[in-house]
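Here the structure is laid out as structure tokens; the discussion comes afterwards.
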Amino acid sequence: MTCLYRNHRLYLPKRSFNYYIMRKSLFLLCVLLVCIANSTSVLAQPAQKLVHVIVSPDRDDWKYSVNDPVKFTVQVLQYGNLLKNVVVDYELGPEYFPTEVKKDVVLKEGKMTLKASMKVPGFLRCKVKAKVNGRTYEELATVAIDEDKIQPTVADPKDFDEFWSKAVKSAHEQPLDPIMELLPEKCTSTKNVYQVNFQNERRGSRVYGMLIVPKKPGKYPAVLQVPGAGIYAHVPFDLGDDIITLQIGIHGIAFDLPKETYSNLSNGALASYNRINMNDRDRHYYKRVYLGCVRAIDFIYSLPEFDGQTLGVTGGSQGGALSIVTAALDSRVKFLAALYPALCDHTGYLHNRAGGWPHYFRNEKPGVNEVETLAYFDVVNFARRVKVQGWYSWGYNDMTCPPTSMYSAYNVIPGQKELHLYLETHHWTYPEQQQERHAWLRNKCGK
């Protein structure tokens, strides 16, 4: 039997239609029977952990000053009650540099109190692991010590502005060559959705993205969504019916590839992409990435529906970093919203304090020219040059992007800024946090 493809849709000859309906019905019936047979195991999976470890600082705002005594109360609960004679391990001290490490401590009543202090600005962390019936349950609390006084360790290269001005100018000189493909299955009655791609910093290097454009004729503000780390298929970023949004990827690959392709790239050619050529500022992987964000601004400006002036950028983690970078490199960006930015103050580890993701020097010494090269890509040095309004948000318990590294960047931003703390979050967000970000972006778009 032959299949016909028309406009990327699969059509079957009419004589086999009933046959396929019968096969599909039998398949769905089998799936239903399997689900019923396994419903007990599938539906009964709990969302909560059986044992809860609670680590509580003795101040509600989790803020202290240098040399202040900090007290952490540790509790291990099961069924809402303290778990007696529970065995715990704990670490206490600055992020990634604990000064007190204890193992196999027995809590006769299921709780204990730990005390510490710090002599310099930074973040003090108490991390506890409870061991119950062969399983480990973990939690932590991290408090701020004069966090507004944290300063970066990374050097600011004297020719930083010259280097990036030259790179951006060269990228602008490349023809944009935009391609847009309408995706009817993703469109709505009020919005058109496109997969797009355009030329990056050199011929043959492409940036792929998902674009949403309001259908109603008019001129609209725009927001660029820049991605978190990894290699995966992106989905459209949507802020409503009255804002243009562009979600881009950074790896020069389309968004509609088979899932295994992204997995193969993650584990193969693009494994540890953030470390590619980290000793050569002209060939380091992030040079292409940063310039691709600028080219995304070029693409937005090419859209006839764009109002020509109201433009923001947003993202989380690597995307938070790219938001700051883009706002620093391109004056056409008028505002930014960054969640827990990565790539901040890489050299922190060389000064016995936490550095940012991807933790270049946490477990290995720098190679030749790596410290010097990465200074041109460190978000701290872009933060020094951000002059537009910014909304920032993170939590103190983030172990992927340690708060010490994020404050190293935040504290040197000269532009108008506001920080929204969700103290106990790790490297994730609450729904309320996302809602707050989206509301702020819409407000800056005049909506």
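Residues are named by chain letter and number: chains run A, B, ... in the order of the structure tokens, numbers start at 1 in each chain, and ligands are numbered from 1 in the order shown.
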
Using backbone DSSP assignments, extract all alpha helix (DSSP H) residues from stretch 149-339 of chain A; output them as a PyMOL selection string.
chain A and resi 160-172+259-267+285-302+318-329

Report as a compact mmCIF listing (two decimals) with N, CA and C atoms, in the first residue's frame all protein, DNA and RNA residues lying within 9 Å of A:Phe255, evaluated on only C-alpha atoms, omitting residues in the same chain fewer than 2 positions from it.
```txt
# COMPACT_ATOMS: atom_id res chain seq x y z
N GLN A 195 7.94 28.73 12.36
CA GLN A 195 9.33 28.36 12.61
C GLN A 195 10.18 29.22 11.69
N TYR A 208 17.90 29.38 14.67
CA TYR A 208 16.51 28.90 14.51
C TYR A 208 15.65 29.41 15.65
N GLY A 209 14.37 29.61 15.36
CA GLY A 209 13.48 30.13 16.38
C GLY A 209 12.03 29.82 16.11
N MET A 210 11.20 30.12 17.11
CA MET A 210 9.74 30.03 16.99
C MET A 210 9.18 31.42 17.23
N TYR A 232 17.71 20.77 22.92
CA TYR A 232 16.36 20.24 22.98
C TYR A 232 15.46 21.02 22.02
N ALA A 233 14.26 20.50 21.79
CA ALA A 233 13.29 21.19 20.94
C ALA A 233 12.58 22.26 21.75
N HIS A 234 12.60 23.48 21.28
CA HIS A 234 11.96 24.58 21.98
C HIS A 234 10.50 24.71 21.57
N VAL A 235 9.73 25.35 22.42
CA VAL A 235 8.32 25.62 22.14
C VAL A 235 8.13 27.13 22.08
N GLY A 249 16.87 29.23 19.62
CA GLY A 249 17.84 28.28 20.11
C GLY A 249 19.23 28.84 19.86
N ILE A 253 20.39 24.55 15.08
CA ILE A 253 19.64 23.36 14.65
C ILE A 253 18.14 23.65 14.76
N LEU A 257 13.27 18.46 14.91
CA LEU A 257 14.04 17.24 14.66
C LEU A 257 13.55 16.12 15.57
```

Strand (DSSP E) positions in stretch 184-214 of chain A, given as a PyMOL selection string:
chain A and resi 191-199+206-214

For the residues selected in the previous step, produce a file with N, CA and C atoms as a compact mmCIF listing (two decimals), in the first residue's frame.
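Saved result, selection-v7.txt, follows:
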```
# COMPACT_ATOMS: atom_id res chain seq x y z
N LYS A 191 -3.43 34.48 16.61
CA LYS A 191 -1.98 34.51 16.47
C LYS A 191 -1.50 33.57 15.38
N ASN A 192 -0.50 34.01 14.65
CA ASN A 192 0.20 33.15 13.72
C ASN A 192 1.51 32.68 14.35
N VAL A 193 1.85 31.41 14.14
CA VAL A 193 3.07 30.84 14.70
C VAL A 193 3.95 30.34 13.54
N TYR A 194 5.21 30.70 13.58
CA TYR A 194 6.14 30.35 12.52
C TYR A 194 7.38 29.67 13.11
N GLN A 195 7.94 28.73 12.36
CA GLN A 195 9.33 28.36 12.61
C GLN A 195 10.18 29.22 11.69
N VAL A 196 11.21 29.83 12.24
CA VAL A 196 12.02 30.76 11.46
C VAL A 196 13.49 30.39 11.59
N ASN A 197 14.27 30.85 10.64
CA ASN A 197 15.73 30.80 10.78
C ASN A 197 16.33 31.93 9.96
N PHE A 198 17.49 32.38 10.41
CA PHE A 198 18.16 33.50 9.76
C PHE A 198 19.67 33.36 9.98
N GLN A 199 20.42 34.11 9.19
CA GLN A 199 21.88 33.97 9.24
C GLN A 199 22.45 34.62 10.49
N ARG A 206 23.39 29.52 11.09
CA ARG A 206 22.00 29.92 11.19
C ARG A 206 21.53 29.92 12.64
N VAL A 207 20.55 30.76 12.91
CA VAL A 207 19.83 30.77 14.18
C VAL A 207 18.39 30.34 13.90
N TYR A 208 17.90 29.38 14.67
CA TYR A 208 16.51 28.90 14.51
C TYR A 208 15.65 29.41 15.65
N GLY A 209 14.37 29.61 15.36
CA GLY A 209 13.48 30.13 16.38
C GLY A 209 12.03 29.82 16.11
N MET A 210 11.20 30.12 17.11
CA MET A 210 9.74 30.03 16.99
C MET A 210 9.18 31.42 17.23
N LEU A 211 8.41 31.89 16.26
CA LEU A 211 7.90 33.26 16.27
C LEU A 211 6.38 33.27 16.40
N ILE A 212 5.87 34.13 17.27
CA ILE A 212 4.43 34.36 17.39
C ILE A 212 4.14 35.81 17.01
N VAL A 213 3.21 36.00 16.07
CA VAL A 213 2.84 37.33 15.61
C VAL A 213 1.32 37.48 15.68
N PRO A 214 0.80 38.55 16.31
CA PRO A 214 -0.65 38.77 16.34
C PRO A 214 -1.22 38.87 14.92
```

Name the closest residue to A:Ser393 among the candidates A:Leu419, A:Ala321, A:Ile179, A:Val168; distances are taken between atoms, counting only C-alpha atoms.
A:Leu419

When you look at A:Ile243 with a cut-off of 8 Å (counting only C-alpha atoms), what residues show up, excluding the ones that are within fewer than 3 positions of it in the same chain? I need them as number ranges by chain.
A: 213-214, 220-223, 239-240, 445

Long-range neighbours of A:Leu374 as a ChimeraX atom specification, 8 Å cut-off, only C-alpha atoms, 2 positions minimum in chain:
/A:278-279,281,346,370-372,376-378

At a cut-off of 12 Å, using only C-alpha atoms, what residues contact stretch 258-263 of chain A? Leave out same-chain residues fewer than 4 positions from it and give the result as an mmCIF file with N, CA and C atoms, in the first residue's frame.
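Generated file (around25.cif):
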```cif
data_model
loop_
_atom_site.group_PDB
_atom_site.id
_atom_site.type_symbol
_atom_site.label_atom_id
_atom_site.label_comp_id
_atom_site.auth_asym_id
_atom_site.auth_seq_id
_atom_site.Cartn_x
_atom_site.Cartn_y
_atom_site.Cartn_z
ATOM 1 N N GLY A 230 21.433 23.402 27.315
ATOM 2 C CA GLY A 230 21.045 22.097 26.801
ATOM 3 C C GLY A 230 20.748 22.118 25.323
ATOM 4 N N ILE A 231 20.455 20.933 24.794
ATOM 5 C CA ILE A 231 20.095 20.762 23.389
ATOM 6 C C ILE A 231 18.737 20.068 23.351
ATOM 7 N N TYR A 232 17.707 20.769 22.922
ATOM 8 C CA TYR A 232 16.356 20.241 22.976
ATOM 9 C C TYR A 232 15.458 21.024 22.022
ATOM 10 N N ALA A 233 14.262 20.501 21.791
ATOM 11 C CA ALA A 233 13.286 21.187 20.940
ATOM 12 C C ALA A 233 12.581 22.261 21.750
ATOM 13 N N HIS A 234 12.599 23.476 21.275
ATOM 14 C CA HIS A 234 11.963 24.583 21.978
ATOM 15 C C HIS A 234 10.496 24.708 21.574
ATOM 16 N N HIS A 251 22.068 26.642 19.041
ATOM 17 C CA HIS A 251 22.981 25.661 18.477
ATOM 18 C C HIS A 251 22.915 25.538 16.957
ATOM 19 N N GLY A 252 22.108 26.366 16.304
ATOM 20 C CA GLY A 252 22.039 26.311 14.855
ATOM 21 C C GLY A 252 21.345 25.086 14.313
ATOM 22 N N ILE A 253 20.386 24.545 15.083
ATOM 23 C CA ILE A 253 19.638 23.363 14.647
ATOM 24 C C ILE A 253 18.142 23.651 14.760
ATOM 25 N N ALA A 254 17.371 22.999 13.889
ATOM 26 C CA ALA A 254 15.931 23.231 13.832
ATOM 27 C C ALA A 254 15.230 22.704 15.083
ATOM 28 N N ASN A 267 24.973 14.179 23.754
ATOM 29 C CA ASN A 267 25.960 13.215 24.218
ATOM 30 C C ASN A 267 27.132 13.034 23.257
ATOM 31 N N GLY A 268 27.064 13.740 22.122
ATOM 32 C CA GLY A 268 28.103 13.572 21.116
ATOM 33 C C GLY A 268 28.777 14.882 20.762
ATOM 34 N N ALA A 269 28.458 15.410 19.581
ATOM 35 C CA ALA A 269 29.176 16.562 19.044
ATOM 36 C C ALA A 269 29.068 17.803 19.917
ATOM 37 N N LEU A 270 27.938 17.970 20.616
ATOM 38 C CA LEU A 270 27.752 19.178 21.425
ATOM 39 C C LEU A 270 27.845 18.913 22.924
ATOM 40 N N ALA A 271 28.370 17.763 23.304
ATOM 41 C CA ALA A 271 28.591 17.493 24.725
ATOM 42 C C ALA A 271 29.566 18.527 25.281
#
```

Using only C-alpha atoms, the residue out of A:Ile276, A:Ile250, A:Val294, A:Val51 with shortest distance to A:Ser170 is A:Val294

Mind checking which residues fall within 10 Å of A:Lys103, counting only C-alpha atoms, ignoring those fewer than 5 positions away in the same chain, and posting them as a PyMOL selection string?
chain A and resi 87-91+128-129

Could you please take those selected residues and save C-alpha atoms as an mmCIF file, in the first residue's frame?
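Result file out_34.cif:
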```cif
data_model
loop_
_atom_site.group_PDB
_atom_site.id
_atom_site.type_symbol
_atom_site.label_atom_id
_atom_site.label_comp_id
_atom_site.auth_asym_id
_atom_site.auth_seq_id
_atom_site.Cartn_x
_atom_site.Cartn_y
_atom_site.Cartn_z
ATOM 1 C CA VAL A 87 20.867 9.414 61.294
ATOM 2 C CA VAL A 88 22.012 12.475 59.329
ATOM 3 C CA ASP A 89 25.053 13.863 57.538
ATOM 4 C CA TYR A 90 25.502 17.624 57.317
ATOM 5 C CA GLU A 91 27.726 20.307 55.800
ATOM 6 C CA VAL A 128 21.500 18.036 55.598
ATOM 7 C CA LYS A 129 20.995 14.445 54.414
#
```

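Closest approach to A:Lys49 among A:Val132, A:Val313, A:Leu92, A:Ile324 is made by A:Val132 (distances from only C-alpha atoms).
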
Pick out the residues sitting within 12 Å of A:Asn352, and hand them over as a list in words; count only C-alpha atoms, and ignore anything fewer than 2 positions along from it in its own chain.
Gly93, Pro94, Glu95, Tyr96, Phe97, Pro98, Thr99, Val120, Gly122, Thr153, His346, Thr347, Gly348, Tyr349, Leu350, Ala354, Gly355, Phe361, Arg362, Asn363 and Thr404 of chain A
